[in-house]
$ cat target_36.cif   # mmCIF, C-alpha atoms
data_structure
#
loop_
_atom_site.label_atom_id
_atom_site.label_comp_id
_atom_site.auth_asym_id
_atom_site.auth_seq_id
_atom_site.Cartn_x
_atom_site.Cartn_y
_atom_site.Cartn_z
CA MET A 1285 3.21 12.51 -53.98
CA ARG A 1286 2.12 16.16 -53.80
CA ALA A 1287 4.38 16.66 -50.82
CA VAL A 1288 7.34 15.19 -52.71
CA ARG A 1289 6.66 17.44 -55.69
CA ALA A 1290 6.43 20.53 -53.48
CA LEU A 1291 9.65 19.68 -51.66
CA VAL A 1292 11.53 18.98 -54.89
CA ARG A 1293 10.28 22.30 -56.25
CA LYS A 1294 11.57 24.02 -53.11
CA ASP A 1295 15.03 22.45 -53.51
CA LEU A 1296 15.27 23.29 -57.21
CA LEU A 1297 14.04 26.87 -56.70
CA LEU A 1298 16.51 27.42 -53.88
CA GLU A 1299 19.29 26.10 -56.10
CA LEU A 1300 18.22 28.27 -59.05
CA ARG A 1301 18.22 31.38 -56.88
CA GLY A 1302 21.11 30.65 -54.55
CA ARG A 1303 23.32 28.57 -56.89
CA GLU A 1304 25.10 26.96 -53.97
CA VAL A 1305 25.56 23.32 -54.91
CA VAL A 1306 25.59 22.66 -58.66
CA PRO A 1307 28.22 25.28 -59.65
CA ALA A 1308 30.48 23.98 -56.89
CA MET A 1309 30.01 20.43 -58.16
CA VAL A 1310 30.79 21.46 -61.74
CA VAL A 1311 33.93 23.35 -60.77
CA PHE A 1312 34.99 20.46 -58.55
CA VAL A 1313 34.59 17.85 -61.27
CA LEU A 1314 36.45 20.07 -63.74
CA ALA A 1315 39.32 20.53 -61.28
CA ALA A 1316 39.34 16.79 -60.59
CA PHE A 1317 39.64 16.07 -64.33
CA VAL A 1318 42.55 18.49 -64.62
CA LEU A 1319 44.25 16.86 -61.65
CA PHE A 1320 43.70 13.37 -63.02
CA ARG A 1321 44.91 14.43 -66.46
CA PHE A 1322 48.18 15.61 -64.98
CA ALA A 1323 48.36 12.61 -62.65
CA LEU A 1324 48.14 10.31 -65.68
CA GLY A 1325 50.86 12.26 -67.49
CA GLY A 1326 50.24 15.66 -69.06
CA ASP A 1327 51.23 15.07 -72.65
CA ARG A 1328 50.73 11.36 -73.21
CA LEU A 1329 47.84 9.70 -71.43
CA GLY A 1330 49.40 7.08 -69.16
CA GLY A 1331 47.24 4.03 -68.65
CA GLY A 1332 45.20 4.97 -71.69
CA VAL A 1333 41.45 5.27 -71.97
CA ARG A 1334 40.89 2.48 -69.43
CA ALA A 1335 42.58 4.45 -66.67
CA ALA A 1336 40.71 7.60 -67.73
CA THR A 1337 37.38 5.78 -67.49
CA GLY A 1338 38.23 4.72 -63.94
CA MET A 1339 39.05 8.31 -63.11
CA LEU A 1340 35.67 9.42 -64.45
CA TRP A 1341 33.86 7.18 -61.98
CA VAL A 1342 36.03 8.25 -59.08
CA ALA A 1343 35.46 11.90 -59.97
CA VAL A 1344 31.69 11.32 -60.17
CA VAL A 1345 31.58 9.67 -56.73
CA PHE A 1346 33.66 12.38 -55.07
CA THR A 1347 31.63 15.13 -56.70
CA ALA A 1348 28.43 13.45 -55.54
CA ILE A 1349 29.76 13.42 -51.98
CA LEU A 1350 30.56 17.12 -52.28
CA GLY A 1351 26.98 17.83 -53.34
CA LEU A 1352 25.48 15.56 -50.70
CA ALA A 1353 27.39 17.36 -47.97
CA ARG A 1354 25.05 20.31 -48.57
CA ALA A 1355 21.94 18.17 -48.98
CA PHE A 1356 20.29 19.06 -45.69
CA ALA A 1357 22.29 22.25 -45.07
CA VAL A 1358 19.38 24.63 -45.68
CA GLU A 1359 17.03 22.58 -43.53
CA ARG A 1360 19.57 22.64 -40.72
CA GLU A 1361 20.76 26.22 -40.94
CA HIS A 1362 17.39 27.88 -41.37
CA ARG A 1363 15.59 25.52 -39.01
CA ILE A 1364 13.31 24.19 -41.72
CA TRP A 1365 13.46 20.79 -40.01
CA ASP A 1366 11.00 21.84 -37.33
CA GLY A 1367 8.52 22.98 -39.94
CA LEU A 1368 8.96 19.84 -42.03
CA LEU A 1369 8.51 17.56 -39.05
CA ALA A 1370 5.46 19.48 -37.84
CA SER A 1371 3.78 19.30 -41.24
CA PRO A 1372 1.39 16.40 -41.87
CA ILE A 1373 3.51 14.60 -44.47
CA ASP A 1374 5.07 11.17 -44.52
CA ARG A 1375 8.70 11.20 -43.40
CA SER A 1376 9.73 9.16 -46.38
CA ALA A 1377 8.41 11.96 -48.62
CA ILE A 1378 11.25 14.14 -47.26
CA TRP A 1379 13.72 11.43 -48.23
CA ALA A 1380 12.17 10.91 -51.68
CA ALA A 1381 12.23 14.64 -52.42
CA LYS A 1382 15.85 14.95 -51.38
CA ALA A 1383 16.78 11.94 -53.50
CA VAL A 1384 15.01 13.41 -56.54
CA SER A 1385 16.68 16.81 -56.21
CA THR A 1386 20.07 15.18 -55.63
CA PHE A 1387 19.52 13.10 -58.76
CA ALA A 1388 18.73 16.27 -60.72
CA PHE A 1389 21.91 17.96 -59.48
CA LEU A 1390 23.98 14.93 -60.43
CA VAL A 1391 22.51 14.83 -63.94
CA VAL A 1392 23.22 18.53 -64.50
CA MET A 1393 26.79 18.08 -63.23
CA GLN A 1394 27.36 15.12 -65.55
CA ALA A 1395 25.86 16.95 -68.53
CA VAL A 1396 28.79 19.33 -68.16
CA ALA A 1397 31.31 16.71 -67.06
CA LEU A 1398 30.89 14.23 -69.91
CA PRO A 1399 31.83 16.62 -72.75
CA LEU A 1400 34.78 17.77 -70.64
CA PHE A 1401 35.75 14.14 -70.12
CA TRP A 1402 35.74 13.64 -73.88
CA LEU A 1403 37.75 16.83 -74.38
CA PHE A 1404 40.38 15.94 -71.80
CA PHE A 1405 40.78 12.20 -72.23
CA LEU A 1406 39.15 10.77 -75.34
CA GLN A 1407 39.86 13.11 -78.24
CA GLN A 1408 42.73 11.15 -79.72
CA ALA A 1409 41.55 7.66 -78.93
CA ASP A 1410 38.49 5.47 -79.15
CA GLY A 1411 36.47 5.90 -75.98
CA PRO A 1412 33.77 3.78 -74.43
CA SER A 1413 30.32 3.83 -75.98
CA PHE A 1414 28.62 7.00 -74.78
CA ALA A 1415 25.16 5.44 -74.85
CA VAL A 1416 26.28 2.72 -72.41
CA LEU A 1417 28.23 5.22 -70.32
CA ILE A 1418 25.22 7.52 -70.00
CA ALA A 1419 22.90 4.62 -69.14
CA ALA A 1420 25.37 3.41 -66.49
CA LEU A 1421 25.81 6.89 -65.02
CA LEU A 1422 22.04 7.47 -64.85
CA ALA A 1423 21.49 4.13 -63.09
CA ALA A 1424 24.35 4.90 -60.71
CA ASP A 1425 22.91 8.37 -60.07
CA VAL A 1426 19.64 6.86 -58.87
CA GLY A 1427 21.56 4.65 -56.44
CA ILE A 1428 23.81 7.47 -55.25
CA ALA A 1429 20.84 9.81 -54.75
CA ALA A 1430 18.71 7.22 -52.91
CA LEU A 1431 21.50 6.12 -50.59
CA GLY A 1432 23.05 9.58 -50.32
CA ALA A 1433 19.83 11.22 -49.15
CA LEU A 1434 19.64 8.73 -46.28
CA LEU A 1435 23.34 8.97 -45.37
CA ALA A 1436 23.27 12.77 -45.54
CA GLY A 1437 20.43 12.64 -43.03
CA LEU A 1438 22.48 10.37 -40.77
CA ALA A 1439 25.64 12.45 -41.10
CA SER A 1440 23.91 15.77 -40.51
CA ALA A 1441 23.18 14.81 -36.92
CA GLY A 1442 26.76 13.85 -36.08
CA GLN A 1443 29.26 16.26 -34.61
CA ALA A 1444 31.75 16.24 -37.48
CA ARG A 1445 29.22 16.00 -40.28
CA GLU A 1446 31.48 17.23 -43.09
CA VAL A 1447 34.00 14.51 -42.31
CA LEU A 1448 31.44 11.87 -41.52
CA LEU A 1449 29.52 11.76 -44.79
CA PRO A 1450 32.43 10.66 -47.01
CA VAL A 1451 33.40 8.03 -44.46
CA LEU A 1452 29.84 6.67 -44.37
CA PHE A 1453 29.40 6.83 -48.12
CA LEU A 1454 32.65 5.45 -49.54
CA PRO A 1455 32.25 1.79 -48.51
CA PHE A 1456 28.97 1.82 -50.44
CA ALA A 1457 30.63 3.49 -53.43
CA VAL A 1458 33.12 0.66 -53.90
CA PRO A 1459 30.71 -1.84 -55.59
CA LEU A 1460 29.31 1.01 -57.69
CA VAL A 1461 32.72 2.10 -59.00
CA LEU A 1462 33.81 -1.51 -59.47
CA VAL A 1463 30.92 -2.35 -61.77
CA GLY A 1464 30.67 1.13 -63.28
CA VAL A 1465 34.26 0.94 -64.49
CA GLN A 1466 33.75 -2.61 -65.69
CA VAL A 1467 30.72 -1.71 -67.80
CA SER A 1468 32.46 1.34 -69.26
CA ILE A 1469 35.73 -0.30 -70.26
CA GLY A 1470 33.79 -3.26 -71.61
CA THR A 1471 32.64 -1.06 -74.49
CA ILE A 1472 35.97 0.52 -75.45
CA PRO A 1473 36.65 -0.57 -79.08
CA PRO A 1474 37.42 -3.18 -80.29
CA GLN A 1475 35.02 -4.49 -77.64
CA THR A 1476 31.33 -3.79 -78.03
CA ALA A 1477 28.30 -3.96 -75.77
CA ASP A 1478 27.31 -7.58 -75.18
CA PHE A 1479 25.58 -9.76 -72.61
CA GLY A 1480 28.11 -8.72 -69.96
CA THR A 1481 27.11 -5.08 -70.48
CA VAL A 1482 23.46 -5.90 -69.91
CA ARG A 1483 24.30 -7.86 -66.76
CA GLU A 1484 26.41 -4.99 -65.40
CA LEU A 1485 23.73 -2.41 -66.15
CA GLY A 1486 21.30 -4.77 -64.43
CA PHE A 1487 23.55 -4.77 -61.38
CA LEU A 1488 23.51 -0.95 -61.28
CA ALA A 1489 19.71 -1.05 -61.46
CA LEU A 1490 19.63 -3.63 -58.64
CA TYR A 1491 21.90 -1.40 -56.55
CA ALA A 1492 19.55 1.53 -57.08
CA THR A 1493 16.50 -0.59 -56.20
CA ILE A 1494 17.95 -2.06 -53.00
CA PHE A 1495 19.11 1.26 -51.61
CA ALA A 1496 15.94 3.03 -52.68
CA LEU A 1497 13.94 0.47 -50.70
CA LEU A 1498 16.26 0.72 -47.69
CA GLY A 1499 16.27 4.51 -47.85
CA TRP A 1500 12.52 4.65 -48.03
CA ALA A 1501 12.12 2.22 -45.12
CA LEU A 1502 14.81 3.60 -42.83
CA PHE A 1503 14.60 7.36 -43.29
CA GLU A 1504 11.75 7.78 -40.82
CA TYR A 1505 14.13 6.68 -38.04
CA VAL A 1506 16.69 9.29 -39.05
CA VAL A 1507 14.43 12.32 -38.73
CA GLU A 1508 12.43 11.56 -35.62
CA ASP A 1509 12.25 13.80 -32.47
CA MET B 1109 29.41 -21.76 -20.06
CA ALA B 1110 30.59 -20.28 -23.37
CA VAL B 1111 33.92 -19.47 -21.76
CA VAL B 1112 34.40 -23.09 -20.69
CA LEU B 1113 33.39 -24.32 -24.15
CA ALA B 1114 35.81 -21.93 -25.85
CA ALA B 1115 38.59 -22.88 -23.44
CA THR B 1116 38.08 -26.56 -24.32
CA LEU B 1117 37.51 -26.23 -28.05
CA MET B 1118 40.28 -23.77 -28.88
CA PRO B 1119 43.19 -26.00 -27.74
CA LEU B 1120 41.45 -28.99 -29.34
CA ALA B 1121 41.15 -27.13 -32.65
CA VAL B 1122 44.78 -25.99 -32.54
CA ALA B 1123 45.90 -29.56 -31.75
CA MET B 1124 43.83 -30.99 -34.61
CA ILE B 1125 45.10 -28.38 -37.05
CA PHE B 1126 48.76 -28.99 -36.28
CA PHE B 1127 48.86 -32.70 -35.44
CA TYR B 1128 45.76 -34.50 -36.73
CA VAL B 1129 44.75 -33.17 -40.13
CA PRO B 1130 46.77 -34.51 -43.12
CA THR B 1131 48.94 -32.12 -45.10
CA ASP B 1132 47.37 -30.76 -48.28
CA VAL B 1133 48.88 -32.27 -51.44
CA ASP B 1134 48.92 -29.08 -53.51
CA GLN B 1135 49.71 -26.38 -50.99
CA GLY B 1136 51.69 -28.30 -48.38
CA TYR B 1137 51.96 -27.61 -44.67
CA SER B 1138 51.04 -23.95 -44.89
CA GLN B 1139 47.56 -24.78 -46.17
CA ARG B 1140 46.70 -25.36 -42.50
CA ILE B 1141 46.10 -21.62 -42.17
CA PHE B 1142 42.85 -22.37 -44.01
CA TYR B 1143 41.46 -23.89 -40.77
CA PHE B 1144 41.93 -20.54 -39.09
CA HIS B 1145 41.18 -18.18 -41.94
CA VAL B 1146 37.83 -19.53 -43.14
CA PRO B 1147 36.25 -20.13 -39.69
CA ILE B 1148 37.36 -16.64 -38.58
CA ALA B 1149 35.78 -15.14 -41.70
CA LEU B 1150 32.55 -17.09 -41.10
CA THR B 1151 32.55 -15.93 -37.47
CA THR B 1152 32.89 -12.34 -38.64
CA TYR B 1153 29.85 -12.73 -40.89
CA THR B 1154 27.90 -14.37 -38.07
CA LEU B 1155 28.77 -11.53 -35.69
CA PHE B 1156 27.66 -9.03 -38.27
CA ALA B 1157 24.36 -10.85 -38.85
CA TRP B 1158 23.82 -10.97 -35.11
CA GLY B 1159 24.52 -7.25 -34.74
CA ALA B 1160 22.22 -6.38 -37.64
CA LEU B 1161 19.43 -8.59 -36.31
CA ASN B 1162 19.59 -6.86 -32.93
CA ALA B 1163 19.70 -3.50 -34.71
CA ALA B 1164 16.43 -4.36 -36.48
CA ARG B 1165 14.93 -5.54 -33.21
CA PHE B 1166 16.01 -2.27 -31.58
CA LEU B 1167 14.27 -0.16 -34.23
CA TRP B 1168 11.18 -2.31 -33.72
CA THR B 1169 11.01 -2.34 -29.92
CA ARG B 1170 13.06 0.72 -28.85
CA ASP B 1171 14.60 -1.32 -26.07
CA MET B 1172 17.96 0.32 -25.25
CA ARG B 1173 19.44 -2.99 -24.08
CA LEU B 1174 19.23 -4.19 -27.68
CA ASP B 1175 21.45 -1.29 -28.74
CA LEU B 1176 24.27 -2.71 -26.67
CA LYS B 1177 23.51 -6.19 -27.98
CA SER B 1178 23.87 -4.81 -31.49
CA TYR B 1179 27.02 -2.80 -30.80
CA VAL B 1180 29.04 -5.51 -29.04
CA PRO B 1181 28.86 -8.05 -31.93
CA MET B 1182 29.83 -5.27 -34.35
CA HIS B 1183 32.77 -4.38 -32.13
CA LEU B 1184 33.91 -8.02 -31.95
CA GLY B 1185 33.31 -8.28 -35.68
CA VAL B 1186 35.97 -5.64 -36.30
CA MET B 1187 38.51 -7.67 -34.33
CA PHE B 1188 37.64 -10.89 -36.14
CA GLY B 1189 37.58 -8.93 -39.41
CA CYS B 1190 41.13 -7.69 -38.76
CA LEU B 1191 42.18 -11.29 -38.11
CA THR B 1192 40.50 -12.42 -41.33
CA LEU B 1193 42.39 -9.82 -43.34
CA VAL B 1194 45.70 -10.70 -41.67
CA THR B 1195 45.29 -14.47 -42.10
CA GLY B 1196 44.01 -13.94 -45.65
CA SER B 1197 47.01 -11.79 -46.46
CA LEU B 1198 49.37 -14.43 -45.05
CA TRP B 1199 47.66 -17.15 -47.03
CA ALA B 1200 47.83 -15.05 -50.19
CA HIS B 1201 51.54 -14.58 -49.59
CA ILE B 1202 52.06 -18.32 -49.22
CA SER B 1203 49.84 -19.39 -52.13
CA TRP B 1204 50.32 -16.62 -54.65
CA GLY B 1205 53.52 -14.92 -53.47
CA VAL B 1206 51.87 -11.54 -52.86
CA TRP B 1207 50.63 -9.99 -49.63
CA TRP B 1208 47.39 -8.92 -51.18
CA TYR B 1209 45.75 -10.42 -54.22
CA TRP B 1210 43.11 -8.24 -55.88
CA GLY B 1211 41.89 -11.13 -58.02
CA SER B 1212 40.52 -12.94 -55.00
CA THR B 1213 36.80 -12.28 -54.73
CA GLU B 1214 36.62 -13.22 -51.04
CA LEU B 1215 39.47 -10.94 -49.97
CA THR B 1216 38.12 -7.94 -51.87
CA THR B 1217 34.54 -8.45 -50.70
CA PHE B 1218 35.80 -8.72 -47.18
CA LEU B 1219 37.74 -5.51 -47.53
CA ILE B 1220 34.58 -3.61 -48.51
CA ILE B 1221 32.74 -5.03 -45.52
CA PHE B 1222 35.64 -4.16 -43.25
CA LEU B 1223 35.52 -0.56 -44.49
CA PHE B 1224 31.83 -0.55 -43.69
CA TYR B 1225 32.52 -1.79 -40.15
CA CYS B 1226 35.04 1.02 -39.64
CA ALA B 1227 32.54 3.60 -40.88
CA TYR B 1228 29.97 2.23 -38.42
CA PHE B 1229 32.31 3.11 -35.59
CA MET B 1230 32.98 6.59 -36.96
CA LEU B 1231 29.24 7.22 -36.99
CA ARG B 1232 28.69 5.76 -33.55
CA PHE B 1233 31.39 7.80 -31.88
CA SER B 1234 30.36 11.07 -33.50
CA VAL B 1235 26.87 11.07 -31.99
CA GLU B 1236 26.18 11.74 -28.30
CA PRO B 1237 25.28 8.57 -26.36
CA GLY B 1238 21.56 8.03 -26.05
CA GLU B 1239 18.58 6.96 -28.09
CA LYS B 1240 19.65 8.98 -31.13
CA ARG B 1241 23.02 7.26 -31.30
CA ALA B 1242 21.35 3.89 -30.90
CA THR B 1243 18.91 4.64 -33.73
CA PHE B 1244 21.55 5.95 -36.12
CA SER B 1245 23.86 3.01 -35.46
CA ALA B 1246 20.98 0.61 -36.08
CA VAL B 1247 20.04 2.32 -39.36
CA TYR B 1248 23.61 2.15 -40.62
CA ALA B 1249 23.99 -1.46 -39.51
CA LEU B 1250 20.88 -2.38 -41.50
CA LEU B 1251 22.26 -0.60 -44.57
CA GLY B 1252 25.13 -3.05 -44.28
CA VAL B 1253 22.66 -5.87 -44.80
CA GLY B 1254 22.11 -4.39 -48.26
CA LEU B 1255 25.82 -3.79 -48.81
CA ILE B 1256 27.01 -7.37 -48.23
CA PRO B 1257 25.09 -9.12 -51.05
CA ILE B 1258 25.70 -6.11 -53.30
CA SER B 1259 29.44 -6.32 -52.72
CA VAL B 1260 29.48 -10.06 -53.32
CA ILE B 1261 27.64 -9.65 -56.62
CA ALA B 1262 29.74 -6.63 -57.65
CA VAL B 1263 33.03 -8.36 -57.01
CA HIS B 1264 31.87 -11.47 -58.86
CA THR B 1265 30.55 -9.39 -61.76
CA ALA B 1266 33.81 -7.54 -62.09
CA GLN B 1267 36.40 -10.23 -61.46
CA ASP B 1268 37.40 -13.80 -62.15
CA ILE B 1269 36.94 -16.44 -59.53
CA ILE B 1270 40.35 -17.63 -58.41
CA HIS B 1271 40.04 -18.21 -54.67
CA PRO B 1272 40.06 -21.91 -53.78
CA ILE B 1273 36.50 -23.14 -53.60
CA THR B 1274 35.79 -24.71 -50.23
CA PHE B 1275 32.27 -25.90 -50.82
CA SER B 1276 30.91 -26.85 -54.19
CA ARG B 1277 27.26 -27.60 -54.91
CA ASN B 1278 27.94 -31.26 -54.12
CA GLY B 1279 28.90 -30.51 -50.52
CA ALA B 1280 32.24 -29.97 -48.86
CA ASN B 1281 35.26 -30.35 -51.10
CA MET B 1282 37.31 -31.99 -48.30
CA ASP B 1283 37.84 -35.48 -46.96
CA GLY B 1284 36.55 -36.64 -43.56
CA SER B 1285 39.42 -35.64 -41.29
CA MET B 1286 39.79 -32.26 -42.97
CA PHE B 1287 36.09 -31.56 -42.66
CA ALA B 1288 36.09 -32.64 -39.00
CA THR B 1289 39.01 -30.31 -38.23
CA PHE B 1290 37.27 -27.50 -40.07
CA LEU B 1291 34.06 -28.02 -38.06
CA VAL B 1292 35.88 -28.18 -34.72
CA SER B 1293 37.80 -25.03 -35.61
CA LEU B 1294 34.59 -23.27 -36.61
CA ALA B 1295 32.88 -24.35 -33.37
CA ALA B 1296 35.91 -23.19 -31.38
CA LEU B 1297 35.96 -19.74 -32.96
CA LEU B 1298 32.18 -19.30 -32.67
CA SER B 1299 32.29 -20.24 -29.00
CA LEU B 1300 35.24 -17.89 -28.53
CA ALA B 1301 33.14 -15.11 -30.07
CA VAL B 1302 30.23 -15.94 -27.75
CA ALA B 1303 32.55 -15.99 -24.75
CA MET B 1304 34.01 -12.61 -25.70
CA TYR B 1305 30.49 -11.31 -26.23
CA CYS B 1306 29.42 -12.39 -22.72
CA ILE B 1307 32.52 -10.84 -21.14
CA GLU B 1308 32.20 -7.55 -23.01
CA MET B 1309 28.47 -7.33 -22.28
CA ARG B 1310 29.15 -7.84 -18.58
CA GLY B 1311 31.84 -5.17 -18.65
CA LYS B 1312 29.55 -2.70 -20.41
CA ARG B 1313 26.72 -3.36 -17.96
CA ILE B 1314 29.05 -2.76 -15.01
CA ASP B 1315 30.21 0.48 -16.67
CA ASP B 1316 26.61 1.65 -17.04
CA ARG B 1317 25.79 0.76 -13.45
CA LEU B 1318 28.88 2.61 -12.24
CA LYS B 1319 27.93 5.70 -14.22
CA GLN B 1320 24.44 5.63 -12.72
CA LEU B 1321 25.83 5.29 -9.20
CA ARG B 1322 28.27 8.13 -9.79
CA ARG B 1323 25.44 10.33 -11.01
CA LEU B 1324 23.41 9.46 -7.91
CA ALA B 1325 26.37 10.19 -5.66
CA GLU B 1326 26.93 13.57 -7.34
CA ALA B 1327 23.26 14.43 -7.04
CA SER B 1328 23.13 13.64 -3.34
CA SER B 1329 26.36 15.44 -2.38
#

$ encode --input "target_36.cif" --output "structure tokens"
Amino acid sequence: MRAVRALVRKDLLLELRGREVVPAMVVFVLAAFVLFRFALGGDRLGGGVRAATGMLWVAVVFTAILGLARAFAVEREHRIWDGLLASPIDRSAIWAAKAVSTFAFLVVMQAVALPLFWLFFLQQADGPSFAVLIAALLAADVGIAALGALLAGLASAGQAREVLLPVLFLPFAVPLVLVGVQVSIGTIPPQTADFGTVRELGFLALYATIFALLGWALFEYVVED
Amino acid sequence: MAVVLAATLMPLAVAMIFFYVPTDVDQGYSQRIFYFHVPIALTTYTLFAWGALNAARFLWTRDMRLDLKSYVPMHLGVMFGCLTLVTGSLWAHISWGVWWYWGSTELTTFLIIFLFYCAYFMLRFSVEPGEKRATFSAVYALLGVGLIPISVIAVHTAQDIIHPITFSRNGANMDGSMFATFLVSLAALLSLAVAMYCIEMRGKRIDDRLKQLRRLAEASS
């Protein structure tokens, strides 16, 4: 636990001082929203709020991939790996720390993205319930961070790591987007949150749990040697 | 052995599908594609389970032979997966008049798993051959074990169930001759997969041996 806390602190401090990942994610998600807004028709929103909600989830997944691409960049470039592997800590602590810092980055990005989403897409119409949307995004963030920390570790050893990570990640993002969109559009008025919403949020929690367990169990094989 | 079995069962299955089994009342003659589509899909899942099992065994024992035994089923799984998508698409065209039907839970689940298979190969071919590649492939294969149930649940949570239900809780939803044809077809495709597995494994082993010999020859000259 202490090791995880120290490693998370290192990641957050590096980000606060270097500002490498989060600003890029925020600018990326903003640009994605602008693109999607024009893609759906500049003046009148084609496809309505339902289409916009789908775009939100796609933008979140792509932005997460952008952030994850830099997840182990510092470790790799400044040869921190050797130090980490030589230190007497559990390998899964490295994974847990990276998942926690990734989760933090995602939450910060979404704190900026959600108001922008409202501004761009929802001003003139009834949008999905924000409470449900935030709950769904937080649950999805845990899953993305847990799985992403493992996949970033896998991808960072490949030859074409920038290309590899999205390819490895996207098949796993499909179920997440599928249910994420479903839970969000299920609360657009006149519909309200009901049993289906609870079941879909439960699915997102299950997703997070399964990939957290797999990440925790498998990460030690990714970092050996 | 498996080759002989496959060579016997495949013609038998084809003969039963086209000449023995009665024509479906609702869907007509073209429903016969079912006897290819579903067994091929089940074979793909079996190959994947086999590959993942050997991947887990590899991580446990570190025996490099298991890496090959995990990779070859995955490789065959991609071929059978392609066939599943093609036959599924044909069936969708016949039944629903479209080449791809997004309302079908099976087709969409399968598509996610197929994407996963493709990504597995991207990972495998971007890492230098050796123990590292074997480990990374095994880790990703095992992640797929989490992805399959998740995809099934996700697709069911998000969509209506429209695909024809083959098996209900009360057993197979087919009469005797249909079920017999289905079983023979399944046995034929599974034995075909085993036969292909044996042939590919032999080829890979010969490749490895050749590489070793070449290395030895270079070292001595």

$ resolve_selection --input "target_36.cif" --expression "the PyMOL selection byres ((chain B) within 9 of (chain A))" --output "VMD selection string"
chain B and resid 1167 1220 to 1224 1226 to 1228 1230 to 1236 1240 to 1241 1243 to 1244 1247 to 1248 1250 to 1252 1254 to 1255 1258 to 1263 1265 to 1266

$ resolve_selection --input "target_36.cif" --expression "the PyMOL selection byres ((chain A and resi 1426) around 12)" --output "PyMOL selection string"
chain A and resi 1348+1380+1382-1391+1419-1425+1427-1433+1460+1488-1497+1499

$ resolve_selection --input "target_36.cif" --expression "the PyMOL selection byres ((chain B and resi 1113-1130) around 9)" --output "JSON, numbers by chain"
{"B": [1109, 1110, 1111, 1112, 1131, 1132, 1133, 1137, 1140, 1141, 1143, 1144, 1285, 1286, 1288, 1289, 1290, 1291, 1292, 1293, 1294, 1295, 1296, 1297, 1298, 1299, 1300, 1301, 1302, 1303]}

$ atom_distance --input "target_36.cif" --atom1 "CA of Thr1192 (chain B)" --atom2 "CA of Tyr1209 (chain B)"
14.1 Å

$ atom_distance --input "target_36.cif" --atom1 "CA of Leu1318 (chain B)" --atom2 "CA of His1183 (chain B)"
21.4 Å

$ atom_distance --input "target_36.cif" --atom1 "CA of Trp1379 (chain A)" --atom2 "CA of Arg1354 (chain A)"
14.4 Å

$ residues_around --input "target_36.cif" --residues "Ala1377 (chain A)" --least-positions-apart "4" --cutoff "9 Å" --atoms "all atoms listed in the file" --output "ChimeraX atom specification"
/A:1285,1287-1288,1291,1373,1381-1382,1500

$ closest_residue --input "target_36.cif" --among "B:Leu1155, B:Ala1246, B:Met1304, B:Met1309" --to "Val1186 (chain B)" --atoms "all atoms listed in the file"
B:Leu1155

$ residues_around --input "target_36.cif" --residues "Leu1400 (chain A)" --least-positions-apart "4" --cutoff "8 Å" --atoms "all atoms listed in the file" --output "list in words"
Leu1314, Val1396 and Phe1404 of chain A

$ residues_around --input "target_36.cif" --residues "Gln1407 (chain A)" --least-positions-apart "5" --cutoff "12 Å" --atoms "all atoms listed in the file" --output "ChimeraX atom specification"
/A:1329,1332-1333,1336,1399-1402,1412

$ closest_residue --input "target_36.cif" --among "B:Ser1138, B:Ala1327, B:Gly1284, B:Ile1314" --to "Ile1202 (chain B)" --atoms "only C-alpha atoms"
B:Ser1138

$ closest_residue --input "target_36.cif" --among "B:Ser1245, B:Gln1135, B:Ser1329, B:Thr1152" --to "Cys1190 (chain B)" --atoms "all atoms listed in the file"
B:Thr1152

$ decode --input "target_36.cif" --residues "region 1190-1205 of chain B" --atoms "C-alpha atoms" --output "mmCIF file, in the first residue's frame"
data_model
loop_
_atom_site.group_PDB
_atom_site.id
_atom_site.type_symbol
_atom_site.label_atom_id
_atom_site.label_comp_id
_atom_site.auth_asym_id
_atom_site.auth_seq_id
_atom_site.Cartn_x
_atom_site.Cartn_y
_atom_site.Cartn_z
ATOM 1 C CA CYS B 1190 -13.577 -15.415 -40.693
ATOM 2 C CA LEU B 1191 -15.709 -18.326 -41.887
ATOM 3 C CA THR B 1192 -18.202 -17.715 -39.081
ATOM 4 C CA LEU B 1193 -18.559 -14.068 -40.059
ATOM 5 C CA VAL B 1194 -18.941 -14.937 -43.744
ATOM 6 C CA THR B 1195 -21.516 -17.693 -43.171
ATOM 7 C CA GLY B 1196 -23.309 -15.509 -40.613
ATOM 8 C CA SER B 1197 -23.439 -12.651 -43.080
ATOM 9 C CA LEU B 1198 -24.824 -14.952 -45.788
ATOM 10 C CA TRP B 1199 -27.436 -16.302 -43.415
ATOM 11 C CA ALA B 1200 -28.403 -12.780 -42.361
ATOM 12 C CA HIS B 1201 -28.809 -11.877 -46.017
ATOM 13 C CA ILE B 1202 -31.076 -14.860 -46.613
ATOM 14 C CA SER B 1203 -33.149 -14.513 -43.429
ATOM 15 C CA TRP B 1204 -33.329 -10.780 -42.914
ATOM 16 C CA GLY B 1205 -32.387 -9.388 -46.328
#
